[in-house]
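Undergrad: Dropping a structure here in structure tokens format, bear with me for questions.
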Amino acid sequence: MAKKASSSSPSHSGAFVWTRKDIVGLDELSAREIVHILDTAESFKEVSTRSIKKVPALRGKVVALLFFEDSTRTRMSFELAASRLSADTILFSSRGSSVAKGETTLDTARNIEAMGVDVLVIRHKQPGAPHMLARKLRTPVISAGDGPHEHPTQALLDIFTIRQKLGRIEGLKVAIVGDIAHSRVARSNIIGLRKLGAEVTVIGPPTLVPSAIAAMGCRISHNLDDVLGEVDVINMLRIQFERFGSNQFPSLREYSRLYGLNAERVAMCKKNLLVMHPGPINRGVEITSEIADGPNSCILQQVTNGLAIRMAALYLVSQGKE
Amino acid sequence: MAKKASSSSPSHSGAFVWTRKDIVGLDELSAREIVHILDTAESFKEVSTRSIKKVPALRGKVVALLFFEDSTRTRMSFELAASRLSADTILFSSRGSSVAKGETTLDTARNIEAMGVDVLVIRHKQPGAPHMLARKLRTPVISAGDGPHEHPTQALLDIFTIRQKLGRIEGLKVAIVGDIAHSRVARSNIIGLRKLGAEVTVIGPPTLVPSAIAAMGCRISHNLDDVLGEVDVINMLRIQFERFGSNQFPSLREYSRLYGLNAERVAMCKKNLLVMHPGPINRGVEITSEIADGPNSCILQQVTNGLAIRMAALYLVSQGKE
Amino acid sequence: MAKKASSSSPSHSGAFVWTRKDIVGLDELSAREIVHILDTAESFKEVSTRSIKKVPALRGKVVALLFFEDSTRTRMSFELAASRLSADTILFSSRGSSVAKGETTLDTARNIEAMGVDVLVIRHKQPGAPHMLARKLRTPVISAGDGPHEHPTQALLDIFTIRQKLGRIEGLKVAIVGDIAHSRVARSNIIGLRKLGAEVTVIGPPTLVPSAIAAMGCRISHNLDDVLGEVDVINMLRIQFERFGSNQFPSLREYSRLYGLNAERVAMCKKNLLVMHPGPINRGVEITSEIADGPNSCILQQVTNGLAIRMAALYLVSQGKE
């Protein structure tokens, strides 16, 4: 079982002072820091319920969104989060840009830094790209996903949602189901949940759940039905159709039969099971509509909570000093 | 002749209270509601003449633009309209988005709703898509065009411009010329103009003007010259080049000769004929430059008025309660 | 040597009143006007050093960015500059727009003008397009580059950076190295530097440095090493890979050997040589990393200064009266 540096209770974060310039992965963060982000998000969550959803925290600041890889919902979530903090945003997308002209990622980022922006949000297909930029630049960097490596704000919003719904993280049993091998969402969730004291089981076909992943402190299973009875949370990963047909994958129907979440399976679970999905969902593949839209699902609350988490991340790195 | 629930006079709208959550088509709106939108636009039109073109009506609100189909000018018009009301805007474009990942339109819209936006403006190639979203979502929905079905804000700005220029709608004779069969602009104009008591004649080659359209309460003609002498307004539709060469279409030159608007034809019309076009215009095809830029043309005023209409639409649905 | 209407000293611009509606090229501007833009940028430069980088100068105004040709950094620089002046921005990009529907540039611009925007920033592949629009429209126009013709704000930020670093322009010796024939950056720099009294030498292979360019008042050289000892500034142009392999170009390695800037060559220059590059740089082609990142380089300051220059341009044309 993993070490746990802190309880997930908000009240513990009172005296804590944030000092990090960057949020590039949960691997770098202590349990204390993770909890502090969650607690900060808690205070921003209220803003989203107001008629005028704005606070002046980052007025006059500029958040640059550097998307070296396409994204729709993560980009929109960060953009709206920045806007709720009264920051301006500017989008760099690698489509039709100087990337095509052979510029390095570091040069692109340095140029945008030289324009006087205050925070850089970076998505990149290269694992470690946000970390490299965080080291080289004076400007705070937040990762919006780096290849199959980490997607810290997604895991933070998942953990935030679990804490909101179930009141704690410590001691919970969380299942993550799907293509674990290629999923940055899975990796960041495993890391964060372990740091806060949850037990994590990863589930999927052997080709998609490498045994090496056990080194991250999680249990491995290839049989979803075996674990249903004990888990508090099931996080269903999105199946990437483009991978099917490759030799790593069974047929889509086979996958759905073995690892899809449906009413029959949810009936085998605890009453207050929490069903999560990072979206976009494939209805009828990894999850049926009945479950995705049912009483156990918190899929849309995850989206809503994403704004509070990203507001917290933007706010904290803007205040932080190394 | 169509029923008419109301005069188009602004003074009648004093006691009227807007209660609709959505504006997805003129088909759903009563004459009274159409006039109320026009009157509200009237009051916003003045804002556009100020040096600082802003009112705080939607400060702190977020307008999400969901363009499942490309658009330039309608998107810009809505974006500027939202900005003039002090709202923030966020753009979702189906290019390179999760639509490509197989997400349904409803799931995409629900996700964006979950991010806490206040109004959804939707363009979709599927007729009825905005109506479906309006029913399923709590958030107000405005259609920015649904396939060949309706383009309500375009028709509203057209009708607004006619009223501004000619002082009324009731009793006017309006000709709509071109590819009526595939035009959402034509459909919405016919519906709106009929509700306010205008007489509408649709004109074009038989392949592009199906006789079934008469059921909408308009007259059909295949000879432009026959109607020129009597009309108060001619609305020239854009010819979509990509359709030419198909068997529905005559040659471009033939089309232009039979249905193009030129100085010779305008000379056969009333002195104060109003020439309209939804843009972008094909100079020398459906309209000559002399006429497009001439004294009868109100093409650019239509564009200017588009902002006032869209400000009114955004404002009204933001206030409305079902 | 060129006529010089004015010193480049800020103090001279006290009584000057800006009257131009547009900034479309340095060719149209007097030395006095160029200096006035530099001096105005000087006063805006301070804004960029503040924690809250905003002034209310253009609050409530709308800057439309019309990019008929792709751009990343120039677009971002103008967008951020507008935002620092508290203006709203709206982007028109020719991708997937009505340009594809055959609309003329003038009609597109007139439509956007009719939406009530206050300044148009235009990039176009057609030389002279911004000038044409400036003549036809009432709205102020700023060129963001027109084909191989001019890129006035780039040259202004280059000249601003030289003045900032070396204290003056008059009498300086400036080398511009690369594909002079196709470079709008080179052309605008030559024009502006000559007007302010600098001596300009253009350097590159004969195929890329046509002898006709001497008519602009600059010296021509085909041997970089010949001029190194005397110059105060070297502006290295970006090599466009796509042109290599054509018969105008030597091999890339050959080009780099003859015209690339490296430590060996910089050692032959004055101690306080200023190394410039409009970006994006090709490390190891026209410039080595050692030099691009070294003490003589002001490449990132150019980027930073770009915002002050564009703030000045946006501000001045918004105030100007013909």
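Identifiers in this document derive from the order of the structure tokens: chains are assigned A, B, ..., residues are numbered from 1 separately in each chain, and ligands are numbered from 1 in order of occurrence.
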Near chain A, meaning an atom within 9 Å, which residues of chain B appear when counting only C-alpha atoms? Write them as an MDAnalysis selection string.
TA: chainID B and resid 58:62 88:94 96:99 101:104 107:108 110:117
Undergrad: Please produce a file of those selected residues containing N, CA and C atoms, as a PDB file, in the first residue's frame.
TA:
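That gives us out_19.pdb:
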```
ATOM      1  N   LEU B  58     -25.254  41.583 -20.581  1.00  0.00           N
ATOM      2  CA  LEU B  58     -24.894  40.180 -20.321  1.00  0.00           C
ATOM      3  C   LEU B  58     -23.506  40.051 -19.691  1.00  0.00           C
ATOM      4  N   ARG B  59     -23.097  41.048 -18.929  1.00  0.00           N
ATOM      5  CA  ARG B  59     -21.786  41.001 -18.295  1.00  0.00           C
ATOM      6  C   ARG B  59     -21.680  39.764 -17.403  1.00  0.00           C
ATOM      7  N   GLY B  60     -20.570  39.047 -17.565  1.00  0.00           N
ATOM      8  CA  GLY B  60     -20.344  37.857 -16.752  1.00  0.00           C
ATOM      9  C   GLY B  60     -21.027  36.608 -17.294  1.00  0.00           C
ATOM     10  N   LYS B  61     -21.781  36.752 -18.387  1.00  0.00           N
ATOM     11  CA  LYS B  61     -22.414  35.582 -19.013  1.00  0.00           C
ATOM     12  C   LYS B  61     -21.488  35.034 -20.101  1.00  0.00           C
ATOM     13  N   VAL B  62     -21.697  33.767 -20.434  1.00  0.00           N
ATOM     14  CA  VAL B  62     -20.899  33.138 -21.491  1.00  0.00           C
ATOM     15  C   VAL B  62     -21.828  32.642 -22.603  1.00  0.00           C
ATOM     16  N   ASP B  88     -18.904  37.042 -22.524  1.00  0.00           N
ATOM     17  CA  ASP B  88     -17.751  36.335 -23.072  1.00  0.00           C
ATOM     18  C   ASP B  88     -18.259  35.305 -24.077  1.00  0.00           C
ATOM     19  N   THR B  89     -17.425  34.960 -25.039  1.00  0.00           N
ATOM     20  CA  THR B  89     -17.825  33.935 -26.004  1.00  0.00           C
ATOM     21  C   THR B  89     -16.798  32.821 -26.007  1.00  0.00           C
ATOM     22  N   ILE B  90     -17.274  31.631 -26.349  1.00  0.00           N
ATOM     23  CA  ILE B  90     -16.359  30.517 -26.530  1.00  0.00           C
ATOM     24  C   ILE B  90     -16.818  29.750 -27.753  1.00  0.00           C
ATOM     25  N   LEU B  91     -15.857  29.378 -28.587  1.00  0.00           N
ATOM     26  CA  LEU B  91     -16.183  28.749 -29.867  1.00  0.00           C
ATOM     27  C   LEU B  91     -15.912  27.259 -29.835  1.00  0.00           C
ATOM     28  N   PHE B  92     -16.913  26.498 -30.224  1.00  0.00           N
ATOM     29  CA  PHE B  92     -16.718  25.088 -30.519  1.00  0.00           C
ATOM     30  C   PHE B  92     -16.909  24.925 -32.019  1.00  0.00           C
ATOM     31  N   SER B  93     -15.899  24.386 -32.679  1.00  0.00           N
ATOM     32  CA  SER B  93     -16.017  24.122 -34.110  1.00  0.00           C
ATOM     33  C   SER B  93     -15.796  22.642 -34.330  1.00  0.00           C
ATOM     34  N   SER B  94     -16.607  22.042 -35.197  1.00  0.00           N
ATOM     35  CA  SER B  94     -16.534  20.580 -35.329  1.00  0.00           C
ATOM     36  C   SER B  94     -15.237  20.119 -35.982  1.00  0.00           C
ATOM     37  N   GLY B  96     -11.685  19.035 -36.282  1.00  0.00           N
ATOM     38  CA  GLY B  96     -10.654  18.501 -35.392  1.00  0.00           C
ATOM     39  C   GLY B  96     -11.121  18.363 -33.961  1.00  0.00           C
ATOM     40  N   SER B  97     -12.407  18.143 -33.774  1.00  0.00           N
ATOM     41  CA  SER B  97     -12.937  18.088 -32.420  1.00  0.00           C
ATOM     42  C   SER B  97     -13.390  16.682 -32.093  1.00  0.00           C
ATOM     43  N   SER B  98     -14.045  16.572 -30.924  1.00  0.00           N
ATOM     44  CA  SER B  98     -14.518  15.276 -30.475  1.00  0.00           C
ATOM     45  C   SER B  98     -15.642  14.737 -31.362  1.00  0.00           C
ATOM     46  N   VAL B  99     -16.195  15.593 -32.232  1.00  0.00           N
ATOM     47  CA  VAL B  99     -17.158  15.086 -33.208  1.00  0.00           C
ATOM     48  C   VAL B  99     -16.482  13.997 -34.036  1.00  0.00           C
ATOM     49  N   LYS B 101     -14.411  12.086 -33.023  1.00  0.00           N
ATOM     50  CA  LYS B 101     -14.263  10.910 -32.174  1.00  0.00           C
ATOM     51  C   LYS B 101     -15.595  10.181 -31.979  1.00  0.00           C
ATOM     52  N   GLY B 102     -16.627  10.566 -32.736  1.00  0.00           N
ATOM     53  CA  GLY B 102     -17.868   9.817 -32.724  1.00  0.00           C
ATOM     54  C   GLY B 102     -18.860  10.262 -31.667  1.00  0.00           C
ATOM     55  N   GLU B 103     -18.589  11.383 -31.012  1.00  0.00           N
ATOM     56  CA  GLU B 103     -19.522  11.865 -29.997  1.00  0.00           C
ATOM     57  C   GLU B 103     -20.806  12.357 -30.660  1.00  0.00           C
ATOM     58  N   THR B 104     -21.955  12.151 -30.015  1.00  0.00           N
ATOM     59  CA  THR B 104     -23.204  12.655 -30.563  1.00  0.00           C
ATOM     60  C   THR B 104     -23.306  14.155 -30.331  1.00  0.00           C
ATOM     61  N   ASP B 107     -24.463  14.861 -26.802  1.00  0.00           N
ATOM     62  CA  ASP B 107     -23.411  14.724 -25.791  1.00  0.00           C
ATOM     63  C   ASP B 107     -22.451  15.918 -25.830  1.00  0.00           C
ATOM     64  N   THR B 108     -22.085  16.336 -27.030  1.00  0.00           N
ATOM     65  CA  THR B 108     -21.215  17.503 -27.146  1.00  0.00           C
ATOM     66  C   THR B 108     -21.877  18.715 -26.485  1.00  0.00           C
ATOM     67  N   ARG B 110     -24.302  18.782 -24.269  1.00  0.00           N
ATOM     68  CA  ARG B 110     -24.459  18.588 -22.824  1.00  0.00           C
ATOM     69  C   ARG B 110     -23.165  18.855 -22.072  1.00  0.00           C
ATOM     70  N   ASN B 111     -22.066  18.454 -22.678  1.00  0.00           N
ATOM     71  CA  ASN B 111     -20.767  18.725 -22.078  1.00  0.00           C
ATOM     72  C   ASN B 111     -20.497  20.213 -21.980  1.00  0.00           C
ATOM     73  N   ILE B 112     -20.808  20.922 -23.047  1.00  0.00           N
ATOM     74  CA  ILE B 112     -20.561  22.362 -23.043  1.00  0.00           C
ATOM     75  C   ILE B 112     -21.517  23.042 -22.065  1.00  0.00           C
ATOM     76  N   GLU B 113     -22.748  22.557 -22.006  1.00  0.00           N
ATOM     77  CA  GLU B 113     -23.687  23.074 -21.006  1.00  0.00           C
ATOM     78  C   GLU B 113     -23.136  22.859 -19.588  1.00  0.00           C
ATOM     79  N   ALA B 114     -22.537  21.685 -19.378  1.00  0.00           N
ATOM     80  CA  ALA B 114     -22.010  21.357 -18.044  1.00  0.00           C
ATOM     81  C   ALA B 114     -20.850  22.268 -17.644  1.00  0.00           C
ATOM     82  N   MET B 115     -20.251  22.938 -18.639  1.00  0.00           N
ATOM     83  CA  MET B 115     -19.178  23.882 -18.326  1.00  0.00           C
ATOM     84  C   MET B 115     -19.739  25.212 -17.815  1.00  0.00           C
ATOM     85  N   GLY B 116     -21.059  25.308 -17.792  1.00  0.00           N
ATOM     86  CA  GLY B 116     -21.661  26.489 -17.186  1.00  0.00           C
ATOM     87  C   GLY B 116     -21.886  27.659 -18.126  1.00  0.00           C
ATOM     88  N   VAL B 117     -22.123  27.389 -19.416  1.00  0.00           N
ATOM     89  CA  VAL B 117     -22.396  28.491 -20.334  1.00  0.00           C
ATOM     90  C   VAL B 117     -23.858  28.908 -20.197  1.00  0.00           C
TER      91      VAL B 117
END
```
Undergrad: Leaving out B:Met268 and any residue of its chain fewer than 5 positions from it, which residues lie within 9 Å of it when counting only C-alpha atoms, given as a list in words?
TA: Asp225, Leu228, Gly229 and Ala263 of chain B
Undergrad: Store the residues picked out above in a file with N, CA and C atoms, as a PDB file, in the first residue's frame.
TA:
```pdb
ATOM      1  N   ASP B 225     -39.183  38.636 -64.791  1.00  0.00           N
ATOM      2  CA  ASP B 225     -39.662  39.875 -65.407  1.00  0.00           C
ATOM      3  C   ASP B 225     -41.153  40.107 -65.168  1.00  0.00           C
ATOM      4  N   LEU B 228     -41.524  41.973 -61.681  1.00  0.00           N
ATOM      5  CA  LEU B 228     -40.702  43.141 -61.340  1.00  0.00           C
ATOM      6  C   LEU B 228     -41.535  44.386 -61.057  1.00  0.00           C
ATOM      7  N   GLY B 229     -42.559  44.620 -61.874  1.00  0.00           N
ATOM      8  CA  GLY B 229     -43.318  45.876 -61.771  1.00  0.00           C
ATOM      9  C   GLY B 229     -44.048  46.068 -60.455  1.00  0.00           C
ATOM     10  N   ALA B 263     -29.276  46.344 -63.996  1.00  0.00           N
ATOM     11  CA  ALA B 263     -29.841  47.693 -64.109  1.00  0.00           C
ATOM     12  C   ALA B 263     -31.098  47.703 -64.970  1.00  0.00           C
TER      13      ALA B 263
END
```
Undergrad: Name the residues of stretch 181-313 of chain B that fall into alpha helix (DSSP H) according to DSSP on the backbone, using the chain letters and numbers of this document, as a VMD selection string.
TA: chain B and resid 184 to 195 224 to 228 252 to 259 263 to 267 289 to 292 299 to 313
Undergrad: Skipping near chain neighbours, those fewer than 2 positions away, what residues fall within 9 Å of C:Pro210 using only C-alpha atoms, listed as a PDB file with N, CA and C atoms, in the first residue's frame?
TA:
```
ATOM      1  N   ILE C 180      16.584  38.167 -50.041  1.00  0.00           N
ATOM      2  CA  ILE C 180      16.095  39.550 -50.136  1.00  0.00           C
ATOM      3  C   ILE C 180      14.965  39.660 -51.167  1.00  0.00           C
ATOM      4  N   ALA C 181      15.081  38.901 -52.240  1.00  0.00           N
ATOM      5  CA  ALA C 181      14.138  39.037 -53.356  1.00  0.00           C
ATOM      6  C   ALA C 181      12.696  38.771 -52.938  1.00  0.00           C
ATOM      7  N   PRO C 206      23.482  35.718 -55.561  1.00  0.00           N
ATOM      8  CA  PRO C 206      22.949  36.580 -56.627  1.00  0.00           C
ATOM      9  C   PRO C 206      21.524  36.237 -57.027  1.00  0.00           C
ATOM     10  N   THR C 207      21.144  34.954 -56.969  1.00  0.00           N
ATOM     11  CA  THR C 207      19.776  34.590 -57.348  1.00  0.00           C
ATOM     12  C   THR C 207      18.735  35.149 -56.377  1.00  0.00           C
ATOM     13  N   LEU C 208      19.150  35.421 -55.159  1.00  0.00           N
ATOM     14  CA  LEU C 208      18.201  35.892 -54.144  1.00  0.00           C
ATOM     15  C   LEU C 208      18.353  37.371 -53.841  1.00  0.00           C
ATOM     16  N   ALA C 212      18.462  44.982 -59.021  1.00  0.00           N
ATOM     17  CA  ALA C 212      17.487  46.087 -59.036  1.00  0.00           C
ATOM     18  C   ALA C 212      17.207  46.635 -57.646  1.00  0.00           C
ATOM     19  N   ILE C 213      17.499  45.848 -56.633  1.00  0.00           N
ATOM     20  CA  ILE C 213      17.197  46.277 -55.265  1.00  0.00           C
ATOM     21  C   ILE C 213      18.043  47.490 -54.856  1.00  0.00           C
ATOM     22  N   ALA C 214      19.150  47.703 -55.574  1.00  0.00           N
ATOM     23  CA  ALA C 214      20.011  48.866 -55.304  1.00  0.00           C
ATOM     24  C   ALA C 214      19.241  50.173 -55.438  1.00  0.00           C
ATOM     25  N   ILE C 220      24.704  46.336 -52.248  1.00  0.00           N
ATOM     26  CA  ILE C 220      24.533  44.895 -52.436  1.00  0.00           C
ATOM     27  C   ILE C 220      25.873  44.205 -52.247  1.00  0.00           C
TER      28      ILE C 220
END
```
Undergrad: Would you work out the distance separating atom CA of B:Gly192 from atom CA of B:Leu38, expressed in Å to one decimal?
TA: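 Pair atom CA of B:Gly192 / atom CA of B:Leu38 returns 11.5 Å.
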Undergrad: When you draw a straight line from atom CA of B:Asn235 to atom CA of B:Ile176, how long is it in Å?
TA: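 Rounded to one decimal, the two atoms are 4.8 Å apart.
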Undergrad: If you count only C-alpha atoms, which residues fall within 8 Å of stretch 315-317 of chain B, apart from same-chain ones fewer than 6 positions away, as a list in words?
TA: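 My list of contacting residues is Trp18, Arg20, Lys21, Asp22, Ile23, Ile37, Ala57, Leu58, Leu85, Val119, Pro140 and Val141 of chain B.
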Undergrad: Quick one: write out the picked residues with C-alpha atoms as a PDB file, in the first residue's frame?
TA:
```pdb
ATOM      1  CA  TRP B  18     -40.928  37.425 -23.576  1.00  0.00           C
ATOM      2  CA  ARG B  20     -39.384  31.679 -24.643  1.00  0.00           C
ATOM      3  CA  LYS B  21     -36.219  29.867 -23.683  1.00  0.00           C
ATOM      4  CA  ASP B  22     -35.111  29.396 -27.301  1.00  0.00           C
ATOM      5  CA  ILE B  23     -35.143  30.918 -30.770  1.00  0.00           C
ATOM      6  CA  ILE B  37     -37.531  40.764 -31.335  1.00  0.00           C
ATOM      7  CA  ALA B  57     -26.644  43.589 -20.301  1.00  0.00           C
ATOM      8  CA  LEU B  58     -24.894  40.180 -20.321  1.00  0.00           C
ATOM      9  CA  LEU B  85     -23.621  42.886 -24.612  1.00  0.00           C
ATOM     10  CA  VAL B 119     -26.587  30.580 -24.075  1.00  0.00           C
ATOM     11  CA  PRO B 140     -31.309  28.647 -23.986  1.00  0.00           C
ATOM     12  CA  VAL B 141     -30.605  27.729 -27.615  1.00  0.00           C
TER      13      VAL B 141
END
```
